[in-house]
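*Asks:* Below is the file protein23.txt, which contains compact mmCIF, C-alpha atoms.
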```
# COMPACT_ATOMS: atom_id res chain seq x y z
CA MET A 1 112.29 74.27 165.26
CA ILE A 2 110.81 77.80 165.33
CA THR A 3 114.27 79.28 164.79
CA PHE A 4 114.77 77.11 161.71
CA ILE A 5 111.34 78.05 160.31
CA LEU A 6 111.89 81.78 160.83
CA ALA A 7 115.34 81.59 159.27
CA ASP A 8 113.88 79.85 156.23
CA LEU A 9 111.11 82.45 155.92
CA ARG A 10 113.66 85.26 156.07
CA ARG A 11 115.60 83.61 153.27
CA PHE A 12 112.49 83.56 151.05
CA TRP A 13 110.91 86.74 152.47
CA SER A 14 109.59 88.12 149.17
CA GLY A 15 107.62 84.97 148.37
CA ALA A 16 106.42 84.70 151.98
CA LEU A 17 105.23 88.31 151.89
CA ALA A 18 103.31 87.71 148.66
CA VAL A 19 101.57 84.70 150.21
CA VAL A 20 100.62 86.67 153.33
CA VAL A 21 99.22 89.58 151.30
CA LEU A 22 97.11 87.29 149.08
CA ILE A 23 95.64 85.52 152.09
CA ALA A 24 95.04 88.82 153.90
CA LEU A 25 93.13 90.35 150.99
CA SER A 26 90.88 87.32 150.58
CA VAL A 27 90.14 87.17 154.33
CA ALA A 28 89.59 90.94 154.51
CA LEU A 29 86.79 90.68 151.94
CA SER A 30 84.85 88.21 154.12
CA VAL A 31 85.43 90.23 157.28
CA THR A 32 84.35 93.50 155.62
CA VAL A 33 81.13 91.99 154.28
CA THR A 34 80.26 90.43 157.65
CA LEU A 35 80.99 93.52 159.74
CA GLN A 36 79.39 95.97 157.32
CA GLU A 37 76.15 94.03 156.97
CA ARG A 38 75.85 93.84 160.75
CA ALA A 39 76.65 97.55 161.15
CA VAL A 40 73.96 98.57 158.65
CA ARG A 41 71.41 96.28 160.32
CA LEU A 42 72.14 97.50 163.86
CA GLY A 43 72.48 101.16 162.90
CA SER A 44 69.24 101.31 160.94
CA ALA A 45 67.37 99.39 163.66
CA ARG A 46 68.54 101.86 166.32
CA ALA A 47 67.55 104.77 164.10
CA ALA A 48 64.06 103.34 163.58
CA GLU A 49 63.38 102.41 167.21
CA LYS A 50 62.50 106.04 168.00
CA PHE A 51 59.54 105.83 165.59
CA ASP A 52 56.87 103.41 166.72
CA LEU A 53 54.23 103.90 164.05
CA LEU A 54 54.05 105.79 160.76
CA VAL A 55 50.85 106.84 159.04
CA GLY A 56 50.91 108.11 155.48
CA ALA A 57 48.96 108.05 152.25
CA ALA A 58 48.44 104.69 150.61
CA GLY A 59 51.51 103.69 148.63
CA SER A 60 54.90 102.08 149.17
CA GLU A 61 55.64 101.00 152.74
CA THR A 62 59.37 101.00 152.09
CA GLN A 63 59.40 104.49 150.60
CA LEU A 64 57.30 105.85 153.47
CA ALA A 65 59.76 104.43 156.02
CA LEU A 66 62.86 105.61 154.14
CA SER A 67 61.49 109.13 153.65
CA ALA A 68 60.04 109.70 157.13
CA VAL A 69 62.63 107.88 159.26
CA PHE A 70 65.81 108.28 157.21
CA LEU A 71 64.81 111.51 155.44
CA GLN A 72 65.65 110.13 152.00
CA PRO A 73 64.38 112.62 149.39
CA ALA A 74 61.46 111.21 147.44
CA PRO A 75 58.02 112.51 146.48
CA LEU A 76 55.37 111.09 148.81
CA PRO A 77 51.64 111.38 148.12
CA LEU A 78 49.74 113.66 150.50
CA MET A 79 47.02 112.35 152.75
CA ASP A 80 44.08 114.32 154.09
CA GLY A 81 45.16 116.64 156.91
CA ALA A 82 42.10 115.57 158.89
CA VAL A 83 43.97 112.34 159.64
CA LEU A 84 46.43 114.33 161.74
CA SER A 85 43.57 115.93 163.63
CA ARG A 86 42.02 112.54 164.40
CA LEU A 87 45.34 111.07 165.53
CA ALA A 88 46.21 114.08 167.70
CA SER A 89 42.87 113.81 169.55
CA ASP A 90 42.88 109.99 169.81
CA PRO A 91 43.11 108.93 173.51
CA ARG A 92 45.34 106.01 172.50
CA VAL A 93 47.99 108.34 171.04
CA GLU A 94 50.69 109.94 173.16
CA LEU A 95 52.21 111.91 170.28
CA ALA A 96 51.16 112.56 166.68
CA ALA A 97 53.67 114.70 164.83
CA PRO A 98 53.34 115.71 161.17
CA VAL A 99 56.38 115.91 158.91
CA GLY A 100 56.71 117.95 155.74
CA PHE A 101 59.54 117.67 153.22
CA GLY A 102 60.74 119.35 150.06
CA ASP A 103 63.06 122.18 151.05
CA SER A 104 66.76 122.19 151.92
CA ALA A 105 69.53 124.54 153.01
CA TYR A 106 73.32 124.11 152.94
CA GLY A 107 72.87 120.50 151.82
CA HIS A 108 70.61 119.64 154.78
CA PRO A 109 66.92 118.74 154.49
CA ILE A 110 64.45 121.17 156.04
CA VAL A 111 61.68 119.25 157.79
CA GLY A 112 58.49 120.83 158.98
CA THR A 113 57.24 119.31 162.23
CA THR A 114 56.25 120.12 165.83
CA THR A 115 57.99 120.74 169.13
CA GLY A 116 56.58 117.43 170.37
CA LEU A 117 58.59 115.43 167.86
CA ILE A 118 61.78 117.34 168.63
CA SER A 119 61.29 116.70 172.36
CA SER A 120 60.70 113.02 171.62
CA LEU A 121 63.93 112.75 169.63
CA SER A 122 65.97 114.98 171.93
CA PRO A 123 64.37 115.42 175.38
CA SER A 124 66.80 118.25 176.09
CA LEU A 125 68.53 120.51 173.60
CA SER A 126 72.31 120.71 173.66
CA GLN A 127 72.20 124.43 172.84
CA GLY A 128 69.65 127.23 172.78
CA ALA A 129 65.89 126.89 173.00
CA MET A 130 62.97 125.37 171.10
CA PHE A 131 61.43 127.36 168.27
CA ALA A 132 58.45 129.42 169.40
CA ARG A 133 57.64 131.40 166.24
CA LEU A 134 57.08 130.48 162.61
CA GLY A 135 60.39 132.05 161.57
CA GLU A 136 62.54 129.99 163.94
CA ALA A 137 64.33 126.67 163.55
CA VAL A 138 66.08 123.97 165.56
CA VAL A 139 69.01 122.16 163.91
CA GLY A 140 70.28 118.62 164.32
CA SER A 141 73.55 117.94 166.12
CA ASP A 142 75.50 117.48 162.86
CA VAL A 143 74.35 120.71 161.20
CA ALA A 144 77.20 123.24 161.21
CA LEU A 145 75.04 126.26 162.05
CA SER A 146 75.26 128.14 165.32
CA THR A 147 72.33 129.64 167.20
CA GLY A 148 71.37 132.94 165.67
CA ALA A 149 72.35 131.86 162.16
CA GLU A 150 70.02 132.57 159.28
CA VAL A 151 68.61 129.76 157.12
CA LYS A 152 67.24 130.59 153.68
CA PRO A 153 65.18 127.60 152.47
CA MET A 154 65.58 126.33 148.93
CA HIS A 155 62.84 124.42 147.16
CA GLY A 156 64.50 121.13 146.25
CA ALA A 157 68.30 121.04 146.22
CA ALA A 158 71.04 123.15 144.65
CA GLU A 159 72.35 120.25 142.53
CA THR A 160 68.90 119.81 140.93
CA GLY A 161 68.41 123.48 140.17
CA GLY A 162 66.42 124.34 143.27
CA GLU A 163 64.86 127.77 143.80
CA THR A 164 65.57 129.81 146.94
CA HIS A 165 62.50 131.03 148.80
CA THR A 166 62.47 134.75 149.51
CA ALA A 167 59.34 134.83 151.68
CA ILE A 168 61.17 133.79 154.84
CA ALA A 169 64.59 133.24 156.41
CA TYR A 170 64.55 131.04 159.50
CA LYS A 171 66.59 131.97 162.56
CA VAL A 172 68.28 129.10 164.40
CA THR A 173 67.27 129.12 168.07
CA GLY A 174 68.56 125.75 169.27
CA ARG A 175 70.42 122.52 168.56
CA MET A 176 69.30 118.99 169.35
CA ALA A 177 71.47 116.54 171.25
CA PRO A 178 72.87 113.71 169.09
CA THR A 179 70.26 111.07 168.33
CA GLY A 180 72.21 108.71 166.08
CA THR A 181 69.54 109.09 163.40
CA ALA A 182 69.24 110.88 160.07
CA TRP A 183 67.54 113.71 161.94
CA ASP A 184 70.96 114.80 163.23
CA ARG A 185 71.50 116.32 159.76
CA ALA A 186 68.09 117.97 159.51
CA ILE A 187 66.91 121.54 160.02
CA LEU A 188 63.57 121.41 161.83
CA VAL A 189 61.03 124.21 161.44
CA PRO A 190 57.35 124.68 162.35
CA ILE A 191 55.12 122.69 160.03
CA ARG A 192 52.77 125.65 159.61
CA ALA A 193 55.64 127.72 158.20
CA VAL A 194 56.21 125.04 155.55
CA TRP A 195 52.52 125.01 154.65
CA GLN A 196 52.30 128.79 154.38
CA LEU A 197 55.58 129.07 152.48
CA HIS A 198 54.29 126.71 149.80
CA GLY A 199 50.84 128.28 149.61
CA MET A 200 49.15 125.20 151.03
CA HIS A 201 45.64 125.66 152.40
CA GLY A 202 43.38 123.07 153.91
CA ALA A 203 39.71 123.65 153.18
CA ASP A 204 36.61 121.74 152.35
CA HIS A 205 34.72 122.59 149.22
CA HIS A 206 32.12 121.03 146.95
CA ASP A 207 32.72 120.33 143.32
CA ASP A 208 30.18 120.79 140.57
CA ASP A 209 28.60 117.42 141.30
CA GLY A 210 28.08 118.30 144.93
CA ASP A 211 30.66 115.79 146.25
CA GLU A 212 32.85 116.97 149.11
CA ALA A 213 36.61 117.04 148.49
CA SER A 214 39.69 118.19 150.34
CA VAL A 215 42.20 120.60 148.87
CA HIS A 216 45.68 119.47 149.96
CA ASP A 217 47.88 121.86 148.08
CA ALA A 218 46.81 125.08 146.44
CA ALA A 219 50.07 125.23 144.49
CA GLU A 220 50.72 121.98 142.73
CA PRO A 221 53.87 122.50 140.61
CA HIS A 222 54.36 121.32 137.06
CA GLN A 223 57.51 119.25 136.70
CA HIS A 224 59.72 119.12 133.63
CA PRO A 225 61.21 115.79 132.47
CA ASP A 226 64.62 116.95 133.73
CA GLY A 227 63.27 117.47 137.23
CA ARG A 228 62.86 121.28 137.18
CA GLU A 229 59.60 122.66 138.47
CA GLU A 230 57.67 125.64 137.21
CA GLY A 231 54.60 127.34 138.54
CA HIS A 232 55.62 126.76 142.18
CA GLU A 233 53.57 129.20 144.26
CA HIS A 234 55.16 130.95 147.23
CA GLY A 235 52.94 131.99 150.10
CA HIS A 236 53.42 134.72 152.67
CA VAL A 237 54.86 133.72 156.05
CA ASP A 238 54.70 135.93 159.11
CA ALA A 239 58.01 135.00 160.73
CA ASP A 240 57.02 136.63 164.02
CA ALA A 241 53.70 134.80 164.28
CA PRO A 242 53.46 132.66 167.44
CA LEU A 243 53.58 128.89 167.19
CA ASP A 244 50.25 127.12 166.64
CA GLU A 245 50.30 123.34 166.95
CA GLN A 246 46.56 122.74 167.20
CA PHE A 247 45.31 120.84 164.16
CA ASP A 248 41.75 120.39 162.91
CA ALA A 249 39.86 119.15 159.87
CA GLN A 250 41.06 122.17 157.88
CA THR A 251 44.70 121.04 158.17
CA PRO A 252 46.53 120.95 154.78
CA GLY A 253 47.64 117.68 153.24
CA ILE A 254 50.69 115.99 154.78
CA PRO A 255 53.03 113.22 153.59
CA ALA A 256 53.39 111.41 156.93
CA VAL A 257 52.57 111.48 160.64
CA LEU A 258 54.91 109.99 163.23
CA VAL A 259 52.79 108.37 165.93
CA LYS A 260 53.74 107.29 169.44
CA PRO A 261 50.97 105.04 170.81
CA LYS A 262 50.48 104.71 174.57
CA THR A 263 50.63 100.90 174.58
CA ILE A 264 51.72 98.09 172.29
CA ALA A 265 48.11 96.99 171.91
CA ASP A 266 47.16 100.53 170.87
CA ALA A 267 49.95 100.49 168.27
CA TYR A 268 48.57 97.37 166.59
CA ARG A 269 44.99 98.66 166.68
CA LEU A 270 45.99 101.99 165.19
CA ARG A 271 48.04 100.37 162.45
CA GLN A 272 45.09 98.20 161.50
CA GLU A 273 42.64 101.12 161.54
CA TYR A 274 44.80 103.23 159.26
CA ARG A 275 45.51 100.52 156.71
CA THR A 276 42.70 101.61 154.41
CA GLY A 277 42.35 102.46 150.77
CA THR A 278 43.54 106.03 151.37
CA THR A 279 45.97 105.71 154.30
CA LEU A 280 48.77 103.37 155.27
CA GLY A 281 49.94 102.48 158.79
CA ILE A 282 53.32 100.79 159.18
CA PHE A 283 55.82 99.80 161.83
CA PRO A 284 59.20 101.04 160.52
CA ALA A 285 61.03 98.20 162.30
CA GLU A 286 58.82 95.68 160.51
CA VAL A 287 59.57 97.24 157.13
CA LEU A 288 63.29 97.16 157.93
CA THR A 289 63.05 93.46 158.78
CA ARG A 290 61.97 92.78 155.20
CA LEU A 291 64.82 94.93 153.94
CA TYR A 292 67.23 92.93 156.11
CA ALA A 293 66.10 89.76 154.38
CA THR A 294 67.13 91.28 151.04
CA LEU A 295 70.34 92.56 152.61
CA GLY A 296 70.99 89.09 154.00
CA ASP A 297 70.67 87.59 150.52
CA ALA A 298 73.19 90.12 149.20
CA ARG A 299 75.51 89.31 152.11
CA SER A 300 75.27 85.58 151.35
CA LEU A 301 76.14 86.25 147.71
CA LEU A 302 79.13 88.42 148.62
CA LEU A 303 80.33 85.87 151.17
CA ALA A 304 80.06 83.14 148.56
CA ILE A 305 82.17 85.25 146.19
CA ALA A 306 84.67 85.88 149.01
CA LEU A 307 84.88 82.18 149.86
CA GLY A 308 85.33 81.32 146.20
CA THR A 309 88.14 83.85 145.99
CA GLN A 310 89.75 82.35 149.08
CA ALA A 311 89.51 78.85 147.61
CA ILE A 312 91.30 79.98 144.45
CA VAL A 313 93.98 81.79 146.47
CA ILE A 314 94.52 78.81 148.76
CA ALA A 315 94.76 76.41 145.83
CA ALA A 316 97.36 78.63 144.15
CA ILE A 317 99.35 78.94 147.38
CA VAL A 318 99.31 75.18 147.97
CA LEU A 319 100.55 74.52 144.43
CA VAL A 320 103.33 77.09 144.81
CA THR A 321 104.28 75.62 148.19
CA ILE A 322 104.42 72.09 146.80
CA MET A 323 106.74 73.34 144.05
CA HIS A 324 108.80 75.12 146.71
CA VAL A 325 109.04 71.93 148.74
CA GLY A 326 110.07 70.05 145.59
CA SER A 327 112.94 72.49 145.05
CA ARG A 328 114.13 71.76 148.60
CA ARG A 329 114.19 68.02 148.21
CA ARG A 330 117.95 67.86 148.79
CA GLN A 331 117.64 69.83 152.05
CA ILE A 332 114.79 67.61 153.27
CA GLY A 333 116.65 64.48 152.15
CA ALA A 334 119.74 65.60 154.08
CA LEU A 335 117.68 66.13 157.23
CA ARG A 336 116.15 62.67 156.93
CA ALA A 337 119.57 61.09 156.21
CA LEU A 338 120.91 62.71 159.38
CA GLY A 339 118.20 60.94 161.36
CA THR A 340 115.70 63.76 161.77
CA PRO A 341 112.38 62.16 162.75
CA VAL A 342 109.63 62.14 160.13
CA ARG A 343 107.28 64.00 162.46
CA SER A 344 109.86 66.78 162.76
CA ILE A 345 110.12 67.09 158.98
CA VAL A 346 106.32 67.27 158.71
CA ALA A 347 106.13 69.79 161.55
CA LEU A 348 108.82 71.90 159.90
CA VAL A 349 107.06 72.16 156.53
CA TRP A 350 103.59 72.40 158.10
CA GLY A 351 104.69 75.08 160.56
CA GLU A 352 106.26 77.22 157.85
CA LEU A 353 103.08 77.29 155.77
CA PHE A 354 100.74 77.62 158.76
CA ILE A 355 102.65 80.66 160.02
CA LEU A 356 102.11 82.30 156.63
CA PHE A 357 98.40 81.47 156.76
CA ALA A 358 98.08 82.72 160.35
CA ALA A 359 99.86 85.98 159.53
CA GLY A 360 97.62 86.47 156.49
CA ILE A 361 94.46 85.77 158.50
CA LEU A 362 95.40 88.22 161.25
CA LEU A 363 96.34 90.90 158.73
CA GLY A 364 93.11 90.24 156.83
CA ILE A 365 91.02 90.68 159.98
CA VAL A 366 92.69 94.01 160.67
CA LEU A 367 92.27 95.18 157.06
CA GLY A 368 88.63 94.05 156.99
CA TYR A 369 87.89 95.88 160.23
CA LEU A 370 89.53 99.08 158.97
CA ALA A 371 87.66 98.82 155.67
CA ALA A 372 84.33 98.40 157.48
CA LEU A 373 85.13 101.40 159.69
CA THR A 374 85.91 103.51 156.61
CA ILE A 375 82.71 102.51 154.81
CA SER A 376 80.59 103.11 157.92
CA ALA A 377 82.18 106.52 158.47
CA ARG A 378 81.38 107.56 154.89
CA LEU A 379 77.79 106.30 155.20
CA ALA A 380 77.36 108.06 158.55
CA ALA A 381 78.68 111.30 157.04
CA SER A 382 76.02 111.21 154.32
CA THR A 383 73.09 109.83 156.35
CA ALA A 384 73.96 110.76 159.99
CA VAL A 385 72.93 107.23 161.00
CA ARG A 386 75.57 105.76 163.31
CA LEU A 387 76.73 102.37 162.04
CA PRO A 388 78.45 100.45 164.87
CA VAL A 389 81.32 98.30 163.60
CA GLY A 390 82.55 95.64 165.97
CA PHE A 391 83.17 91.96 166.54
CA ILE A 392 80.88 89.68 168.52
CA PHE A 393 81.46 86.30 170.14
CA ASP A 394 80.05 84.43 167.14
CA ASP A 395 82.83 85.88 164.99
CA LEU A 396 85.21 83.51 166.77
CA TRP A 397 83.64 80.76 164.69
CA LEU A 398 84.67 82.59 161.54
CA VAL A 399 88.25 83.03 162.78
CA GLY A 400 88.31 79.43 164.01
CA GLY A 401 87.11 78.26 160.61
CA PHE A 402 89.90 80.15 158.87
CA ALA A 403 92.47 78.65 161.28
CA ALA A 404 91.08 75.12 160.86
CA VAL A 405 91.19 75.32 157.08
CA ALA A 406 94.72 76.72 157.23
CA SER A 407 95.92 73.87 159.48
CA VAL A 408 94.42 71.21 157.22
CA ILE A 409 95.66 72.79 153.98
CA SER A 410 99.18 73.11 155.39
CA ILE A 411 99.42 69.33 155.79
CA VAL A 412 99.32 68.72 152.04
CA PRO A 413 102.78 70.19 151.23
CA ALA A 414 104.15 68.61 154.44
CA LEU A 415 103.11 65.14 153.36
CA SER A 416 104.44 65.73 149.85
CA ALA A 417 107.89 66.28 151.39
CA LEU A 418 107.99 62.60 152.44
CA ARG A 419 107.19 61.11 149.05
CA SER A 420 110.81 60.47 148.03
CA SER A 421 113.47 58.54 149.92
CA PRO A 422 116.48 60.32 151.48
CA ALA A 423 118.88 58.64 149.04
CA ALA A 424 116.88 59.68 145.97
CA ALA A 425 116.62 63.24 147.33
CA LEU A 426 120.39 63.49 147.88
CA ARG A 427 121.11 62.17 144.35
CA ALA A 428 118.73 64.76 142.80
```
Starting from the file, give its structure as C-alpha cells.

*Replies:*
Amino acid sequence: MITFILADLRRFWSGALAVVVLIALSVALSVTVTLQERAVRLGSARAAEKFDLLVGAAGSETQLALSAVFLQPAPLPLMDGAVLSRLASDPRVELAAPVGFGDSAYGHPIVGTTTGLISSLSPSLSQGAMFARLGEAVVGSDVALSTGAEVKPMHGAAETGGETHTAIAYKVTGRMAPTGTAWDRAILVPIRAVWQLHGMHGADHHDDDGDEASVHDAAEPHQHPDGREEGHEHGHVDADAPLDEQFDAQTPGIPAVLVKPKTIADAYRLRQEYRTGTTLGIFPAEVLTRLYATLGDARSLLLAIALGTQAIVIAAIVLVTIMHVGSRRRQIGALRALGTPVRSIVALVWGELFILFAAGILLGIVLGYLAALTISARLAASTAVRLPVGFIFDDLWLVGGFAAVASVISIVPALSALRSSPAAALRA
C-alpha cells in the first residue's frame, strides 16, 4: 500500500510539492505567532524580575517601566532628589539606586547609577573592576568596548543630531557578566558625573512668595519641533574625583529609583507610600502583566488570521484533490473491478492526502521555529533582552489538532472516490 502511494506521489511530484508548501506556510504562521508571543513574555518577565520596585515621578506606569527596566529612550519627568535620600535611609530598603538617562555613546545608552545597582545586576564582573572615580565606567556584556577604552558621551543620539560632551571622557574599568536584560547593552557611569556634566544642582530656595521649592535641573534645554535642543548647559566634571554615593536632601532631580525591599511586605508598603500626587511606585512585573494582556489579544487576532488562512488553504487543497481523484476514476474503477476491497481504496486515497498534510505540518513546524528564532535574535540584538524560543508540552495539543484536522479532511476525497460504480468508471 505504502509503495503504491509513494509511487503515485512521485508521478505527480510537482502538484504534491505545491500542496506541501502551501500547508507548511499556513502552519508556520501559527507556530511563529505562538512561539514568538511566548518568547517575548518569558524574556521580558526574566528581564524585569531583577527589579522589584520602581519609584519615579507621577506619570505613566508603562513608560516608567519601559525606560528604567528596558532602557527605552523617552523623556521622564524628574522627581525631587530628596526621595532618593529617604529611600536610601529607609530601614525597609536593602538597595535604592538612582538612574539617569539622556546620553549615549557608540549606539549604547549611558546610564548614571551606583555601584550597588551594578553589583545587584552582576554580583561579579566578568572583566576589570568597578568604577571608583567620576570619570570611570562599567560596560554591559554586549558592549564592544575593552577595559581601558575611552567613552565620549553624546547628549541624545547621533541619528537625532546629538551633541558630544567635551567636559569628560569616561574610561572603561570593567565589564558586567551577562544578565539577559537590556542593561547588557548599557554603559554605566557614576550618577554624580551625569548630574555634574549636565549642570544639575540640587538646592532648596524660596521664591518671591516665600514658598519653598526644589531646583531639579539648572539647565533645562529648549527643544525645537524637530527634536534638536539648544541652550543645553554643560557643567564641569572632575574625572579624578573619588566616588560619592551618599545622598541627602540636596540631591538633584532624578527620573527613577530602583528599589530592592527587604521583604515582600515591605515592597507593598513602600509602593503604597510612594503612590502620591508627586511620586509613583510600581512593580515592573505587574505593569508587564497588563502589557501581556494586550499582547495576548494581538496573539489571538494573529492566530485567528492564521487559522482563517489555513481554512482557505485546506479548502482549496480538498477541491483540487477531489478533481484529481475524479481524473483517476478509471484507475480506481479498475482496482475495484479487480476485487480490491473498498477499505483499501479508501485507505489508498486517504493515505496519499494525509501524507501530504503530515509533510506540510512537519515542514511548517520547522519553518515556524526558524522564523521565531530569527525574529527573537533580531529583537535581542536591538534590546539585549534574551527571548527564549522553544516548545512546551502544551504545544503537543496544537500539533495534535493539526493532525486530527488533516485526518478528517483527508476522508472527504477518499469517500468521493467510491461515488461511481466500477463499470461506470471503466466506461468513462

*Asks:* Go through A:Pro388, A:Gly364, A:Pro75, A:Pro91 and flag the residue nearest Leu42 of chain A, using all atoms listed in the file for the distances.

*Replies:* A:Pro388

*Asks:* Would you tabulate, counting all atoms listed in the file, all residues of segment 44-158 of chain A that have an atom at most 12 Å from an atom of segment 239-252 of chain A, showing the closest pair of atoms and their distance in Å to one decimal, sorted by chain then ascending number, as JSON lines?

*Replies:*
```
{"residue": "A:Leu78", "atom": "CA", "partner": "A:Pro252", "partner_atom": "CA", "distance": 9.0}
{"residue": "A:Met79", "atom": "CA", "partner": "A:Pro252", "partner_atom": "CA", "distance": 8.8}
{"residue": "A:Asp80", "atom": "CA", "partner": "A:Pro252", "partner_atom": "CA", "distance": 7.1}
{"residue": "A:Gly81", "atom": "CA", "partner": "A:Thr251", "partner_atom": "CA", "distance": 4.6}
{"residue": "A:Ala82", "atom": "CA", "partner": "A:Ala249", "partner_atom": "CA", "distance": 4.3}
{"residue": "A:Val83", "atom": "CA", "partner": "A:Ala249", "partner_atom": "CA", "distance": 8.0}
{"residue": "A:Leu84", "atom": "CA", "partner": "A:Phe247", "partner_atom": "CA", "distance": 7.0}
{"residue": "A:Ser85", "atom": "CA", "partner": "A:Asp248", "partner_atom": "CA", "distance": 4.9}
{"residue": "A:Arg86", "atom": "CA", "partner": "A:Asp248", "partner_atom": "CA", "distance": 8.0}
{"residue": "A:Leu87", "atom": "CA", "partner": "A:Phe247", "partner_atom": "CA", "distance": 9.9}
{"residue": "A:Ala88", "atom": "CA", "partner": "A:Phe247", "partner_atom": "CA", "distance": 7.7}
{"residue": "A:Ser89", "atom": "CA", "partner": "A:Phe247", "partner_atom": "CA", "distance": 9.2}
{"residue": "A:Ala96", "atom": "CA", "partner": "A:Phe247", "partner_atom": "CA", "distance": 10.4}
{"residue": "A:Ala97", "atom": "CA", "partner": "A:Glu245", "partner_atom": "CA", "distance": 9.5}
{"residue": "A:Pro98", "atom": "CA", "partner": "A:Phe247", "partner_atom": "CA", "distance": 10.0}
{"residue": "A:Val99", "atom": "CA", "partner": "A:Pro252", "partner_atom": "CA", "distance": 11.8}
{"residue": "A:Gly100", "atom": "CA", "partner": "A:Pro252", "partner_atom": "CA", "distance": 10.7}
{"residue": "A:Gly112", "atom": "CA", "partner": "A:Glu245", "partner_atom": "CA", "distance": 11.7}
{"residue": "A:Thr113", "atom": "CA", "partner": "A:Glu245", "partner_atom": "CA", "distance": 9.3}
{"residue": "A:Thr114", "atom": "CA", "partner": "A:Glu245", "partner_atom": "CA", "distance": 6.9}
{"residue": "A:Thr115", "atom": "CA", "partner": "A:Glu245", "partner_atom": "CA", "distance": 8.4}
{"residue": "A:Gly116", "atom": "CA", "partner": "A:Glu245", "partner_atom": "CA", "distance": 9.3}
{"residue": "A:Leu117", "atom": "CA", "partner": "A:Glu245", "partner_atom": "CA", "distance": 11.5}
{"residue": "A:Met130", "atom": "CA", "partner": "A:Leu243", "partner_atom": "CA", "distance": 10.8}
{"residue": "A:Phe131", "atom": "CA", "partner": "A:Leu243", "partner_atom": "CA", "distance": 8.1}
{"residue": "A:Ala132", "atom": "CA", "partner": "A:Leu243", "partner_atom": "CA", "distance": 5.4}
{"residue": "A:Arg133", "atom": "CA", "partner": "A:Pro242", "partner_atom": "CA", "distance": 4.5}
{"residue": "A:Leu134", "atom": "CA", "partner": "A:Ala239", "partner_atom": "CA", "distance": 5.0}
{"residue": "A:Gly135", "atom": "CA", "partner": "A:Ala239", "partner_atom": "CA", "distance": 3.9}
{"residue": "A:Glu136", "atom": "CA", "partner": "A:Ala239", "partner_atom": "CA", "distance": 7.5}
{"residue": "A:Ala137", "atom": "CA", "partner": "A:Ala239", "partner_atom": "CA", "distance": 10.8}
```

*Asks:* For the residues selected in the previous step, produce a file with C-alpha atoms as a PDB file, in the coordinates of the input.

*Replies:*
```pdb
ATOM      1  CA  LEU A  78      49.740 113.660 150.500  1.00  0.00           C
ATOM      2  CA  MET A  79      47.020 112.350 152.750  1.00  0.00           C
ATOM      3  CA  ASP A  80      44.080 114.320 154.090  1.00  0.00           C
ATOM      4  CA  GLY A  81      45.160 116.640 156.910  1.00  0.00           C
ATOM      5  CA  ALA A  82      42.100 115.570 158.890  1.00  0.00           C
ATOM      6  CA  VAL A  83      43.970 112.340 159.640  1.00  0.00           C
ATOM      7  CA  LEU A  84      46.430 114.330 161.740  1.00  0.00           C
ATOM      8  CA  SER A  85      43.570 115.930 163.630  1.00  0.00           C
ATOM      9  CA  ARG A  86      42.020 112.540 164.400  1.00  0.00           C
ATOM     10  CA  LEU A  87      45.340 111.070 165.530  1.00  0.00           C
ATOM     11  CA  ALA A  88      46.210 114.080 167.700  1.00  0.00           C
ATOM     12  CA  SER A  89      42.870 113.810 169.550  1.00  0.00           C
ATOM     13  CA  ALA A  96      51.160 112.560 166.680  1.00  0.00           C
ATOM     14  CA  ALA A  97      53.670 114.700 164.830  1.00  0.00           C
ATOM     15  CA  PRO A  98      53.340 115.710 161.170  1.00  0.00           C
ATOM     16  CA  VAL A  99      56.380 115.910 158.910  1.00  0.00           C
ATOM     17  CA  GLY A 100      56.710 117.950 155.740  1.00  0.00           C
ATOM     18  CA  GLY A 112      58.490 120.830 158.980  1.00  0.00           C
ATOM     19  CA  THR A 113      57.240 119.310 162.230  1.00  0.00           C
ATOM     20  CA  THR A 114      56.250 120.120 165.830  1.00  0.00           C
ATOM     21  CA  THR A 115      57.990 120.740 169.130  1.00  0.00           C
ATOM     22  CA  GLY A 116      56.580 117.430 170.370  1.00  0.00           C
ATOM     23  CA  LEU A 117      58.590 115.430 167.860  1.00  0.00           C
ATOM     24  CA  MET A 130      62.970 125.370 171.100  1.00  0.00           C
ATOM     25  CA  PHE A 131      61.430 127.360 168.270  1.00  0.00           C
ATOM     26  CA  ALA A 132      58.450 129.420 169.400  1.00  0.00           C
ATOM     27  CA  ARG A 133      57.640 131.400 166.240  1.00  0.00           C
ATOM     28  CA  LEU A 134      57.080 130.480 162.610  1.00  0.00           C
ATOM     29  CA  GLY A 135      60.390 132.050 161.570  1.00  0.00           C
ATOM     30  CA  GLU A 136      62.540 129.990 163.940  1.00  0.00           C
ATOM     31  CA  ALA A 137      64.330 126.670 163.550  1.00  0.00           C
TER      32      ALA A 137
END
```

*Asks:* What's the separation between atom CA of Ala177 of chain A and atom CA of Leu35 of chain A, in Å to one decimal place?

*Replies:* 27.4 Å

*Asks:* By how many Å are atom CA of Val172 of chain A and atom CA of Ala149 of chain A apart?

*Replies:*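 These two atoms are separated by 5.4 Å.
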
*Asks:* Work out how far atom CA of Glu150 of chain A is from atom CA of Gly180 of chain A, in Å to one decimal.

*Replies:*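 Computed distance, atom CA of Gly180 of chain A to atom CA of Glu150 of chain A, equals 24.9 Å.
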